Each structure stands twice: as C-alpha cells, then as structure tokens.
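Encoded as structure tokens, the structure appears first; notes follow it.
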Amino acid sequence: MKRLSVPVCLGTLIVAVAMTGCTAVATGEPPQPRKAGAQTPGRELTDAEQVRVERAEEILVKKCMEREGFKYWVGRVPSVPERQSYSYVLDDVGWAEKYGYGTQLQQEAEEARLNDRNIAFENALPRAGRIRYSKALDGRPSSDVLSAELPGGGTIETPRSGCRADAKDQLYGDFPAWFRVEKTATNLTSLYVPDLVKDKRFLGAVGTWSACMRKEGHDYADPSELRQELPALTKGLSPAKAHTTEVELAVVEATCATETSLGNTVRTLENEYRDKKLKRYRDDIAVHQRMGLAALARAEHITGSKG
C-alpha cells in the first residue's frame with residue numbers, strides 16, 4: 001500500500017515510504033542486535049509486522065504483571081488500517097473507498113481506549129494497590145529513567161524499569177540501546193522536510209494535484225487544506241452521511257494523487273533528501289532497522305504466528 005504520513009503542522013510534511021513487497025525471514029534462533037556501524041542490510045518493518053511486534057510486547061507485559069500479582073489483559077494495538085489513516089495525501093483509491101480519511105477508525109480507537117479493562121482494573125484498586133500496580137507496570141518514572149537526545153533538539157525520557165521496559169528489553173535485546181536509536185530514527189523529519197517542501201518538483205506536483213481536484217469540483221490548494229475543512233463539511237451530518245461525504249472526497253483525492261503521481265513524487269523526493277541530509281544518522285538508522293527485525297523474529301516465536 002502506498003501511503004504518505006500527515007503533516008505535523010502546516011508547512012511540515014512527514015513522508016512514510018511504503019514497504020510493500022517486503023517479508024521478514026525469521027527462522028531458527030532470533031538474530032541478535034549488532035553494534036552501530038555494522039553493514040548488514042536492514043529495512044523498516046511493515047505495518048503488519050509492527051502490529052505483531054506490539055502484540056508480542058503486550059503478551060510479555062501480561063506475563064510480567066501476572067508474576068507481580070496483578071491481572072492484565074493483552075492491550076489493543078492499532079490495526080494496519082489505523083496506521084494508514086494519517087496521510088498527507090491519499091493515493092490508494094481502494095483504501096479511500098473503504099475508510100475515507102479514517103475518521104471511523106480513529107473513533108473506534110478512542111472508544112477502545114476509554115473502555116480499556118486494564119485502566120478500569122487499576123482504578124478499582126485501593127490507593128496502595130494502585131501505587132504497586134503503577135510501579136510494577138512503569139517502574140519509578142520519577143527517579144529511574146532512560147534519556148535520549150532528539151535529532152532536532154531536546155531530550156525525551158522513559159522509565160528504565162517495570163513490565164513495559166522488561167517487555168521491550170526481551171523483544172529488542174537491549175532496551176536502553178533500542179530507546180536511543182528508536183527516538184533518533186523516528187524523529188528525523190524536521191531535518192529534511194523544510195527543504196523538501198520548497199523543492200520545485202514537490203510544488204509542481206502539488207499544483208498539478210490541485211488542478212485535478214479543481215476540475216472535479218473541489219478547489220483546494222493542497223491536501224492539508226482539504227483536511228482542515230473536512231470537519232466543517234461533515235458537521236451536523238449523521239454518522240452514515242458524514243462517512244459517505246468523507247469517502248467521496250477521499251476517493252477524488254486519491255484518484256487525483258494517482259493520476260498526477262503526487263504520491264510517487266513525494267516518495268522519490270523523500271528518498272533523495274534523506275540520503276542527502278541524514279548521513280550522520282545512518283548508523284543509528286541501520287541499528288534501528290536491525291533491532292526491529294530481531295524483535296519481529298522474537299515476536300513470531302512469542303505469538304506463534306508470522307501472519
């Protein structure tokens with residue numbers, strides 16, 4: 001599936017390169033992470049593979065919490081369609097026909113969050129029980145933390161201990177190392193996107209897409225303008241009518257993105273700009289990819305599934 005990620009803010013574009021056609025080979029003993037600088041080829045996980053890793057993580061958290069004397073239900077992880085619902089421009093007509101812009105998926109995810117059995121269980125515990133539950137799950141976040149510097153500036157922290165940390169350590173082989181490279185590899189867009197969106201090829205592709213949309217009766221300068229107006233376009237409509245309206249717009253957007261090759265243009269530009277701007281982070285990116293694939297192999301052992 002071809003998918004481009006949604007802008008974080010106006011003028012900032014995040015592009016997720018599609019990983020279609022990739023499969024993981026995970027037989028025998030799961031591979032171990034290698035040191036930065038090693039040259040073994042890697043790749044990012046597909047959405048489906050990431051789902052498997054996160055499900056395995058939840059299974060490990062459940063086992064750990066039960067060892068600590070607490071009930072724990074394997075938590076819901078975002079589905080593959082949900083992960084594809086935030087996009088700068090849709091260029092998959094089939095997905096648009098089914099999900100529109102993914103509003104219903106987001107609403108279902110929020111409903112599941114509000115009805116999380118683990119949260120209800122924790123809230124029903126007496127105060128002392130809640131403290132022990134929190135410590136078991138997340139360690140001591142006020143005093144025992146890992147810290148990582150972000151490529152664009154600033155730092156981010158996470159608990160070093162607890163069942164969540166223990167699950168990640170089992171999956172990735174070295175949780176502190178994973179935390180550092182993961183926060184590096186997933187926070188690089190600010191280093192190249194400002195130049196990408198000024199590129200004449202990008203501006204030309206967006207202009208051509210806009211002309212296609214205008215021809216179909218939808219006058220929008222770029223995909224983000226359409227998304228900003230979507231709430232107003234569906235306000236006051238029944239859920240069914242709102243979804244129909246959303247789907248109709250999404251299908252036109254995706255059709256124009258395909259006909260004008262806007263999606264392909266952005267993917268090409270992202271590869272180019274990442275190669276140009278992110279040379280100093282190549283080792284971290286490579287380690288992130290290899291550790292992700294190692295986690296996938298372990299996840300397949302834990303869940304007993306490769307599909």
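To be explicit about the labels: the chains of the structure tokens are called A, B, and onward in the order shown, and within each one the residues are counted from 1, while ligands get numbers from 1 in the order they are shown.
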
Contact residues around Gln289 of chain A with only C-alpha atoms at 9 Å, ignoring same-chain residues under 5 positions, as a PyMOL selection string: chain A and resi 41-45+185+284+294

Written selection (N, CA, C and O atoms) as an mmCIF file, in the first residue's frame:
```cif
data_model
loop_
_atom_site.group_PDB
_atom_site.id
_atom_site.type_symbol
_atom_site.label_atom_id
_atom_site.label_comp_id
_atom_site.auth_asym_id
_atom_site.auth_seq_id
_atom_site.Cartn_x
_atom_site.Cartn_y
_atom_site.Cartn_z
ATOM 1 N N PRO A 41 22.531 -5.456 5.812
ATOM 2 C CA PRO A 41 21.382 -4.693 5.323
ATOM 3 C C PRO A 41 20.172 -4.852 6.233
ATOM 4 O O PRO A 41 19.959 -5.904 6.836
ATOM 5 N N GLY A 42 19.365 -3.806 6.321
ATOM 6 C CA GLY A 42 18.143 -3.844 7.112
ATOM 7 C C GLY A 42 17.022 -3.153 6.373
ATOM 8 O O GLY A 42 17.186 -2.707 5.239
ATOM 9 N N ARG A 43 15.894 -3.057 7.020
ATOM 10 C CA ARG A 43 14.756 -2.339 6.466
ATOM 11 C C ARG A 43 13.805 -2.032 7.610
ATOM 12 O O ARG A 43 13.894 -2.620 8.693
ATOM 13 N N GLU A 44 12.889 -1.130 7.373
ATOM 14 C CA GLU A 44 11.866 -0.837 8.365
ATOM 15 C C GLU A 44 10.796 -1.925 8.326
ATOM 16 O O GLU A 44 10.583 -2.573 7.297
ATOM 17 N N LEU A 45 10.141 -2.123 9.436
ATOM 18 C CA LEU A 45 9.051 -3.095 9.479
ATOM 19 C C LEU A 45 7.844 -2.576 8.725
ATOM 20 O O LEU A 45 7.579 -1.368 8.693
ATOM 21 N N ALA A 185 15.775 7.526 15.049
ATOM 22 C CA ALA A 185 15.291 7.147 13.722
ATOM 23 C C ALA A 185 13.889 7.645 13.424
ATOM 24 O O ALA A 185 13.542 7.857 12.255
ATOM 25 N N ASP A 284 22.731 4.864 13.214
ATOM 26 C CA ASP A 284 21.586 4.723 14.117
ATOM 27 C C ASP A 284 20.375 4.158 13.380
ATOM 28 O O ASP A 284 19.645 3.318 13.916
ATOM 29 N N ALA A 294 15.044 -8.041 14.502
ATOM 30 C CA ALA A 294 15.288 -9.024 15.561
ATOM 31 C C ALA A 294 14.068 -9.146 16.462
ATOM 32 O O ALA A 294 13.686 -10.246 16.877
#
```

For Arg140 of chain A, the nearest of the candidates A:Gly173, A:Gly162, A:Gly152, A:Gly69, counting only C-alpha atoms: A:Gly162

Select from segment 93-167 of chain A every residue with an atom at most 12 Å from any atom of segment 207-227 of chain A, then for each give the shortest pair of atoms and their distance in Å to one decimal, using only C-alpha atoms, rows by chain and rising number, as a Markdown table.
```
| residue | atom | partner | partner_atom | distance |
| --- | --- | --- | --- | --- |
| A:Gly100 | CA | A:Arg227 | CA | 11.4 |
| A:Tyr101 | CA | A:Arg227 | CA | 8.7 |
| A:Gly102 | CA | A:Arg227 | CA | 11.5 |
| A:Thr103 | CA | A:Arg227 | CA | 11.2 |
```

If you run DSSP on this backbone, which residues of segment 63-151 of chain A come out as helix (DSSP H, G or I), and could you give them as number ranges by chain? A: 63-67, 80-83, 93-99, 103-114, 117-124, 127-138

Between atom CA of Asn187 of chain A and atom CA of Val77 of chain A, what is the spacing in Å?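 A separation of 21.3 Å between them.
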
Spatial neighbours of Ala257 of chain A, max dist 7 Å, only C-alpha atoms, sep filter under 6 positions, as a PDB file with N, CA and C atoms, in the first residue's frame:
```
ATOM      1  N   LEU A  90      -3.690  10.904   0.156  1.00  0.00           N
ATOM      2  CA  LEU A  90      -4.073   9.526  -0.132  1.00  0.00           C
ATOM      3  C   LEU A  90      -3.790   9.228  -1.594  1.00  0.00           C
ATOM      4  N   ASP A  91      -3.148   8.085  -1.853  1.00  0.00           N
ATOM      5  CA  ASP A  91      -3.029   7.678  -3.262  1.00  0.00           C
ATOM      6  C   ASP A  91      -3.364   6.198  -3.410  1.00  0.00           C
ATOM      7  N   TRP A 209      -1.840  18.348  -8.750  1.00  0.00           N
ATOM      8  CA  TRP A 209      -2.889  17.681  -7.973  1.00  0.00           C
ATOM      9  C   TRP A 209      -4.034  18.644  -7.704  1.00  0.00           C
ATOM     10  N   GLY A 263       1.883  11.180  -5.075  1.00  0.00           N
ATOM     11  CA  GLY A 263       2.437  10.263  -4.091  1.00  0.00           C
ATOM     12  C   GLY A 263       3.814   9.766  -4.486  1.00  0.00           C
TER      13      GLY A 263
END
```

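Going from atom CA of Ala240 of chain A to atom CA of Lys98 of chain A covers 12.9 Å.
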
Let's see if you can do this: from backbone DSSP, list all strand (DSSP E) residues in segment 33-214 of chain A, as a list of chain:residue names. A:Val145, A:Leu146, A:Ser147, A:Ala148, A:Glu149, A:Thr155, A:Ile156, A:Glu157, A:Thr158, A:Pro159
